[in-house]
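K.L.:
One file: model_1.txt (compact mmCIF, C-alpha atoms).
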```
# COMPACT_ATOMS: atom_id res chain seq x y z
CA MET A 9 -29.10 -10.60 26.19
CA LYS A 10 -30.32 -13.71 24.39
CA LYS A 11 -33.23 -15.43 26.10
CA LYS A 12 -32.55 -18.77 27.79
CA VAL A 13 -33.67 -22.05 26.24
CA SER A 14 -34.53 -25.02 28.45
CA VAL A 15 -33.73 -28.22 26.54
CA ILE A 16 -35.66 -31.19 27.92
CA VAL A 17 -34.09 -34.61 27.32
CA PRO A 18 -35.96 -37.67 28.66
CA TYR A 19 -33.65 -40.67 29.17
CA TYR A 20 -34.44 -44.40 29.19
CA LYS A 21 -31.90 -47.13 28.34
CA ASN A 22 -30.12 -45.29 25.56
CA LEU A 23 -26.45 -45.05 26.50
CA LYS A 24 -25.46 -45.83 22.90
CA TYR A 25 -26.65 -42.41 21.65
CA ILE A 26 -27.04 -40.13 24.67
CA PHE A 27 -23.52 -38.66 24.51
CA GLN A 28 -23.89 -37.70 20.85
CA CYS A 29 -27.28 -36.23 21.69
CA LEU A 30 -25.98 -34.09 24.56
CA GLN A 31 -22.87 -33.07 22.65
CA SER A 32 -25.05 -31.78 19.82
CA ILE A 33 -26.57 -29.36 22.34
CA TYR A 34 -23.19 -28.24 23.66
CA ASN A 35 -22.04 -27.69 20.06
CA GLN A 36 -24.74 -25.04 19.51
CA ASN A 37 -23.62 -21.56 18.48
CA TYR A 38 -26.45 -20.19 20.65
CA LYS A 39 -25.03 -20.58 24.15
CA ASN A 40 -27.74 -19.41 26.54
CA PHE A 41 -29.34 -22.75 27.32
CA GLU A 42 -29.83 -25.21 30.13
CA ILE A 43 -30.12 -28.96 29.71
CA ILE A 44 -32.72 -30.75 31.81
CA LEU A 45 -32.15 -34.51 31.61
CA VAL A 46 -34.99 -36.49 33.18
CA TYR A 47 -33.63 -39.93 34.04
CA ASP A 48 -36.47 -42.45 33.70
CA ASP A 49 -34.68 -45.79 34.15
CA ASN A 50 -35.00 -47.96 37.26
CA ASN A 51 -31.43 -49.16 36.67
CA LYS A 52 -29.04 -46.43 37.83
CA ASN A 53 -25.86 -47.71 36.12
CA ASP A 54 -26.25 -45.36 33.14
CA LEU A 55 -26.91 -42.47 35.52
CA ARG A 56 -23.42 -42.78 37.01
CA VAL A 57 -21.85 -42.77 33.54
CA ILE A 58 -23.85 -39.71 32.42
CA LYS A 59 -23.01 -37.80 35.60
CA LYS A 60 -19.34 -38.57 35.20
CA LYS A 61 -19.33 -37.27 31.62
CA PHE A 62 -21.58 -34.20 31.89
CA GLY A 63 -22.39 -33.67 35.57
CA LYS A 64 -19.81 -30.92 36.08
CA HIS A 65 -21.36 -28.60 33.49
CA LYS A 66 -23.10 -25.73 35.28
CA ASN A 67 -25.95 -25.63 32.77
CA PHE A 68 -26.68 -29.37 33.05
CA ARG A 69 -29.32 -30.57 35.52
CA ILE A 70 -30.47 -34.14 36.12
CA PHE A 71 -33.79 -35.09 37.69
CA VAL A 72 -34.26 -38.76 38.57
CA ASN A 73 -37.73 -40.30 38.52
CA TYR A 74 -38.57 -42.50 41.52
CA LYS A 75 -39.57 -45.19 39.01
CA ASN A 76 -40.00 -45.59 35.26
CA VAL A 77 -42.99 -43.35 34.43
CA GLY A 78 -42.64 -42.90 30.67
CA VAL A 79 -41.73 -40.14 28.27
CA SER A 80 -44.84 -37.99 28.82
CA MET A 81 -44.45 -37.61 32.57
CA SER A 82 -40.70 -37.15 32.13
CA ARG A 83 -41.20 -34.28 29.67
CA ASN A 84 -43.85 -32.77 31.94
CA LYS A 85 -41.41 -32.84 34.85
CA GLY A 86 -38.84 -31.11 32.64
CA ILE A 87 -41.35 -28.40 31.74
CA LYS A 88 -42.08 -27.84 35.43
CA LYS A 89 -38.36 -27.50 36.25
CA ALA A 90 -37.53 -25.32 33.24
CA LYS A 91 -36.18 -21.80 33.85
CA GLY A 92 -35.94 -20.71 30.22
CA TYR A 93 -38.06 -18.32 28.16
CA TYR A 94 -38.17 -21.01 25.46
CA ILE A 95 -38.59 -24.76 25.84
CA ALA A 96 -37.08 -27.18 23.34
CA PHE A 97 -37.33 -30.96 23.26
CA LEU A 98 -34.63 -33.41 22.24
CA ASP A 99 -35.07 -37.17 22.50
CA SER A 100 -31.98 -39.04 23.68
CA ASP A 101 -31.39 -40.77 20.32
CA ASP A 102 -31.82 -37.62 18.22
CA LEU A 103 -29.31 -34.92 17.22
CA TRP A 104 -29.30 -31.21 16.51
CA LYS A 105 -27.38 -29.35 13.82
CA LYS A 106 -24.97 -26.72 15.15
CA GLY A 107 -27.19 -23.78 14.18
CA LYS A 108 -30.47 -25.27 15.42
CA LEU A 109 -31.18 -22.87 18.30
CA LYS A 110 -29.74 -19.74 16.71
CA ASN A 111 -31.55 -20.12 13.40
CA GLN A 112 -34.89 -21.26 14.77
CA ILE A 113 -35.10 -18.66 17.53
CA SER A 114 -34.14 -15.92 15.07
CA PHE A 115 -36.98 -17.13 12.83
CA MET A 116 -39.39 -17.05 15.78
CA LYS A 117 -38.37 -13.57 16.90
CA LYS A 118 -38.54 -12.12 13.39
CA ASN A 119 -42.05 -13.47 12.84
CA ASP A 120 -43.39 -13.21 16.42
CA ILE A 121 -44.00 -16.95 16.70
CA ASN A 122 -44.99 -18.86 19.85
CA PHE A 123 -44.50 -22.39 18.51
CA SER A 124 -42.22 -23.55 15.72
CA TYR A 125 -40.93 -26.80 14.28
CA THR A 126 -38.45 -27.55 11.49
CA SER A 127 -37.60 -30.03 8.80
CA TYR A 128 -35.38 -32.94 9.83
CA ASN A 129 -33.33 -35.80 8.46
CA GLN A 130 -34.17 -39.42 9.13
CA ILE A 131 -30.85 -41.23 9.59
CA ASP A 132 -29.77 -44.80 10.29
CA SER A 133 -27.64 -46.02 13.22
CA LYS A 134 -24.47 -45.07 11.30
CA GLY A 135 -25.63 -41.50 10.72
CA ILE A 136 -26.38 -42.03 7.03
CA LYS A 137 -29.33 -39.99 5.76
CA ILE A 138 -32.36 -42.02 4.73
CA LYS A 139 -34.72 -39.16 3.83
CA ILE A 140 -35.71 -35.58 4.62
CA VAL A 141 -39.03 -34.82 6.31
CA SER A 142 -39.94 -31.30 5.22
CA ALA A 143 -41.82 -28.96 7.53
CA PRO A 144 -45.02 -27.51 6.03
CA LYS A 145 -45.53 -23.77 6.58
CA SER A 146 -48.07 -24.49 9.28
CA GLN A 147 -50.13 -27.26 10.81
CA THR A 148 -53.75 -26.80 11.82
CA TYR A 149 -55.97 -29.05 13.89
CA GLU A 150 -57.39 -30.57 10.69
CA SER A 151 -54.03 -31.12 8.99
CA LEU A 152 -52.58 -32.71 12.13
CA LEU A 153 -55.40 -35.24 12.15
CA ARG A 154 -54.55 -36.15 8.55
CA ASP A 155 -50.76 -36.22 8.85
CA CYS A 156 -48.58 -34.86 11.65
CA LYS A 157 -45.29 -33.52 10.29
CA ILE A 158 -44.06 -32.15 13.62
CA GLY A 159 -41.00 -33.99 14.95
CA THR A 160 -40.87 -33.48 18.72
CA SER A 161 -37.10 -32.94 18.68
CA THR A 162 -37.57 -30.04 16.23
CA VAL A 163 -40.02 -28.09 18.40
CA ILE A 164 -39.25 -24.82 20.21
CA ILE A 165 -42.08 -23.23 22.17
CA LYS A 166 -42.41 -20.18 24.40
CA LYS A 167 -42.79 -21.43 27.94
CA LYS A 168 -45.56 -18.95 28.71
CA ILE A 169 -48.04 -20.77 26.47
CA LEU A 170 -47.50 -24.09 28.23
CA LYS A 171 -49.99 -23.33 30.97
CA LYS A 172 -51.19 -25.96 33.44
CA ASN A 173 -53.73 -27.33 31.00
CA PHE A 174 -51.09 -27.84 28.27
CA ARG A 175 -49.02 -30.92 29.07
CA PHE A 176 -48.16 -34.24 27.42
CA SER A 177 -50.90 -36.81 28.00
CA ILE A 178 -50.02 -40.13 29.60
CA LEU A 179 -50.14 -42.29 26.48
CA LYS A 180 -47.78 -44.94 25.13
CA THR A 181 -47.76 -43.41 21.64
CA LYS A 182 -48.91 -40.16 19.97
CA GLU A 183 -48.60 -38.26 23.26
CA ASP A 184 -46.94 -35.41 21.37
CA LEU A 185 -49.65 -35.29 18.69
CA LEU A 186 -52.35 -34.84 21.32
CA LEU A 187 -50.51 -31.85 22.79
CA TRP A 188 -50.02 -30.30 19.34
CA LEU A 189 -53.75 -30.75 18.65
CA GLN A 190 -54.64 -28.98 21.90
CA LEU A 191 -52.24 -26.13 21.21
CA SER A 192 -53.44 -25.74 17.61
CA LYS A 193 -56.87 -24.67 18.88
CA LYS A 194 -55.34 -21.53 20.43
CA TYR A 195 -52.03 -20.89 18.68
CA ASP A 196 -50.48 -21.00 15.22
CA LEU A 197 -48.05 -23.89 14.78
CA ILE A 198 -45.49 -22.57 12.31
CA GLY A 199 -43.00 -24.61 10.28
CA TYR A 200 -39.49 -23.54 9.34
CA ASN A 201 -38.39 -25.45 6.24
CA LYS A 202 -34.76 -25.86 7.21
CA VAL A 203 -33.16 -29.14 8.30
CA LEU A 204 -31.89 -28.53 11.84
CA SER A 205 -32.36 -31.93 13.49
CA GLU A 206 -31.70 -35.60 12.81
CA TRP A 207 -33.98 -38.42 13.92
```
Before anything else, please render the file you have as structure tokens.
P.N.:
Amino acid sequence: MKKKVSVIVPYYKNLKYIFQCLQSIYNQNYKNFEIILVYDDNNKNDLRVIKKKFGKHKNFRIFVNYKNVGVSMSRNKGIKKAKGYYIAFLDSDDLWKKGKLKNQISFMKKNDINFSYTSYNQIDSKGIKIKIVSAPKSQTYESLLRDCKIGTSTVIIKKKILKKNFRFSILKTKEDLLLWLQLSKKYDLIGYNKVLSEW
């Protein structure tokens, strides 16, 4: 049986794109996943709309923060609640290609990879491609300091390597980069040069 993927989606004031985002997960041809949406908005109006649209799906779970705590703590809560063998991240204004999970997990299994990321398209609000950001074959601590090419919404990671000391730091920006830097000291961060996400 295919191993489960926990997809962590932090949400804050983004009703314009969230349904496209979530639908891009449900459109996957790899079906063993759960969606963990961490609702991080003090205003609960959007929450009612999201629950009405997706709340009946058995593989969709919502966790509501007691107050707005930011994307780092929201992702960390998602990691804590995750039941999957793999953890994937998808920001609420990003999209996945239909074969994202199937192709990337196949790549990871074939090459015995703990952490992978892919190339992605940068698109405008109308979905028109602006440019492609290509994934290098790997990123080391030194190369990350020079130029981080890892888009958070492209990452899939084995849950077992996210131990208690590996979490997103509470920063306003670059919180993902800091985690990648920490992980790069112990694990290989491997790129898959295939466009599977849109940012």
K.L.:
Do you know which residues lie at most 6 Å from (-41.0, -21.1, 15.0), with coordinates as in the file and all atoms listed in the file counted, and could you write them as a VMD selection string?
P.N.:
chain A and resid 116 121 123 to 125 198
K.L.:
Please list as a short mmCIF file (atom, residue, chain, number, x, y, z; two decimals) with C-alpha atoms, in the frame of the given file every residue within 12 Å of A:Lys171, counting only C-alpha atoms and excluding residues in the same chain fewer than 3 positions away.
P.N.:
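Final file, result.cif:
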```
data_model
loop_
_atom_site.label_atom_id
_atom_site.label_comp_id
_atom_site.auth_asym_id
_atom_site.auth_seq_id
_atom_site.Cartn_x
_atom_site.Cartn_y
_atom_site.Cartn_z
CA ASN A 84 -43.85 -32.77 31.94
CA ILE A 87 -41.35 -28.40 31.74
CA LYS A 88 -42.08 -27.84 35.43
CA ILE A 165 -42.08 -23.23 22.17
CA LYS A 166 -42.41 -20.18 24.40
CA LYS A 167 -42.79 -21.43 27.94
CA LYS A 168 -45.56 -18.95 28.71
CA PHE A 174 -51.09 -27.84 28.27
CA ARG A 175 -49.02 -30.92 29.07
CA PHE A 176 -48.16 -34.24 27.42
CA LEU A 187 -50.51 -31.85 22.79
CA GLN A 190 -54.64 -28.98 21.90
CA LEU A 191 -52.24 -26.13 21.21
CA LYS A 194 -55.34 -21.53 20.43
#
```
K.L.:
Provide the atom CA of A:Tyr195 to atom CA of A:Thr126 distance in Å, to one decimal place.
P.N.:
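Going from atom CA of A:Tyr195 over to atom CA of A:Thr126, I get 16.7 Å.
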K.L.:
So how far away is atom CA of A:Leu103 from atom CA of A:Ser133, in Å?
P.N.:
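These two atoms are separated by 11.9 Å.
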K.L.:
One decimal, Å: what's the distance from atom CA of A:Ile164 over to atom CA of A:Tyr200, could you say?
P.N.:
10.9 Å
K.L.:
Out of A:Lys134, A:Ile43, A:Lys66, A:Gly199, which residue has the shortest atom-to-atom distance to A:Lys157 when counting all atoms listed in the file?
P.N.:
A:Gly199
K.L.:
Env of stretch 10-22 of chain A: 7 Å cut, atoms = all atoms listed in the file, seq-sep filter 2 positions within chain, self excluded. Answer as an mmCIF file with C-alpha atoms, in the coordinates of the input.
P.N.:
```cif
data_model
loop_
_atom_site.group_PDB
_atom_site.id
_atom_site.type_symbol
_atom_site.label_atom_id
_atom_site.label_comp_id
_atom_site.auth_asym_id
_atom_site.auth_seq_id
_atom_site.Cartn_x
_atom_site.Cartn_y
_atom_site.Cartn_z
ATOM 1 C CA LYS A 24 -25.460 -45.830 22.900
ATOM 2 C CA TYR A 25 -26.650 -42.410 21.650
ATOM 3 C CA ILE A 26 -27.040 -40.130 24.670
ATOM 4 C CA ASN A 40 -27.740 -19.410 26.540
ATOM 5 C CA PHE A 41 -29.340 -22.750 27.320
ATOM 6 C CA GLU A 42 -29.830 -25.210 30.130
ATOM 7 C CA ILE A 43 -30.120 -28.960 29.710
ATOM 8 C CA ILE A 44 -32.720 -30.750 31.810
ATOM 9 C CA LEU A 45 -32.150 -34.510 31.610
ATOM 10 C CA VAL A 46 -34.990 -36.490 33.180
ATOM 11 C CA TYR A 47 -33.630 -39.930 34.040
ATOM 12 C CA ASP A 48 -36.470 -42.450 33.700
ATOM 13 C CA ASP A 49 -34.680 -45.790 34.150
ATOM 14 C CA VAL A 79 -41.730 -40.140 28.270
ATOM 15 C CA SER A 82 -40.700 -37.150 32.130
ATOM 16 C CA ARG A 83 -41.200 -34.280 29.670
ATOM 17 C CA GLY A 86 -38.840 -31.110 32.640
ATOM 18 C CA ALA A 90 -37.530 -25.320 33.240
ATOM 19 C CA LYS A 91 -36.180 -21.800 33.850
ATOM 20 C CA GLY A 92 -35.940 -20.710 30.220
ATOM 21 C CA TYR A 93 -38.060 -18.320 28.160
ATOM 22 C CA TYR A 94 -38.170 -21.010 25.460
ATOM 23 C CA ILE A 95 -38.590 -24.760 25.840
ATOM 24 C CA ALA A 96 -37.080 -27.180 23.340
ATOM 25 C CA PHE A 97 -37.330 -30.960 23.260
ATOM 26 C CA LEU A 98 -34.630 -33.410 22.240
ATOM 27 C CA ASP A 99 -35.070 -37.170 22.500
ATOM 28 C CA SER A 100 -31.980 -39.040 23.680
#
```
K.L.:
Of the candidates A:Asn122, A:Gln112, A:Thr148, A:Thr160, which shows the shortest atom-to-atom distance to A:Glu183, using all atoms listed in the file?
P.N.:
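Selected residue with least distance to A:Glu183: A:Thr160.
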K.L.:
Measuring atom to atom with all atoms listed in the file, identify which of A:Asn73, A:Thr162, A:Asn67, A:Asn50 is nearest to A:Ile113.
P.N.:
A:Thr162
K.L.:
Just checking: using only C-alpha atoms, which residue out of A:Leu204, A:Tyr38, A:Lys193, A:His65 ends up closest to A:Leu152?
P.N.:
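Result for the nearest residue to A:Leu152: A:Lys193.
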K.L.:
Measuring between all atoms listed in the file, which one of A:Ser192, A:Val72, A:Ser114, A:Leu197 shows the shortest distance to A:Lys59?
P.N.:
A:Val72
K.L.:
Compare A:Glu206, A:Ile158, A:Gln36, A:Leu55 by their minimum atom-to-atom distance to A:Ile138, counting only C-alpha atoms, and give me the closest one.
P.N.:
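Under the stated criterion, the closest residue is A:Glu206.
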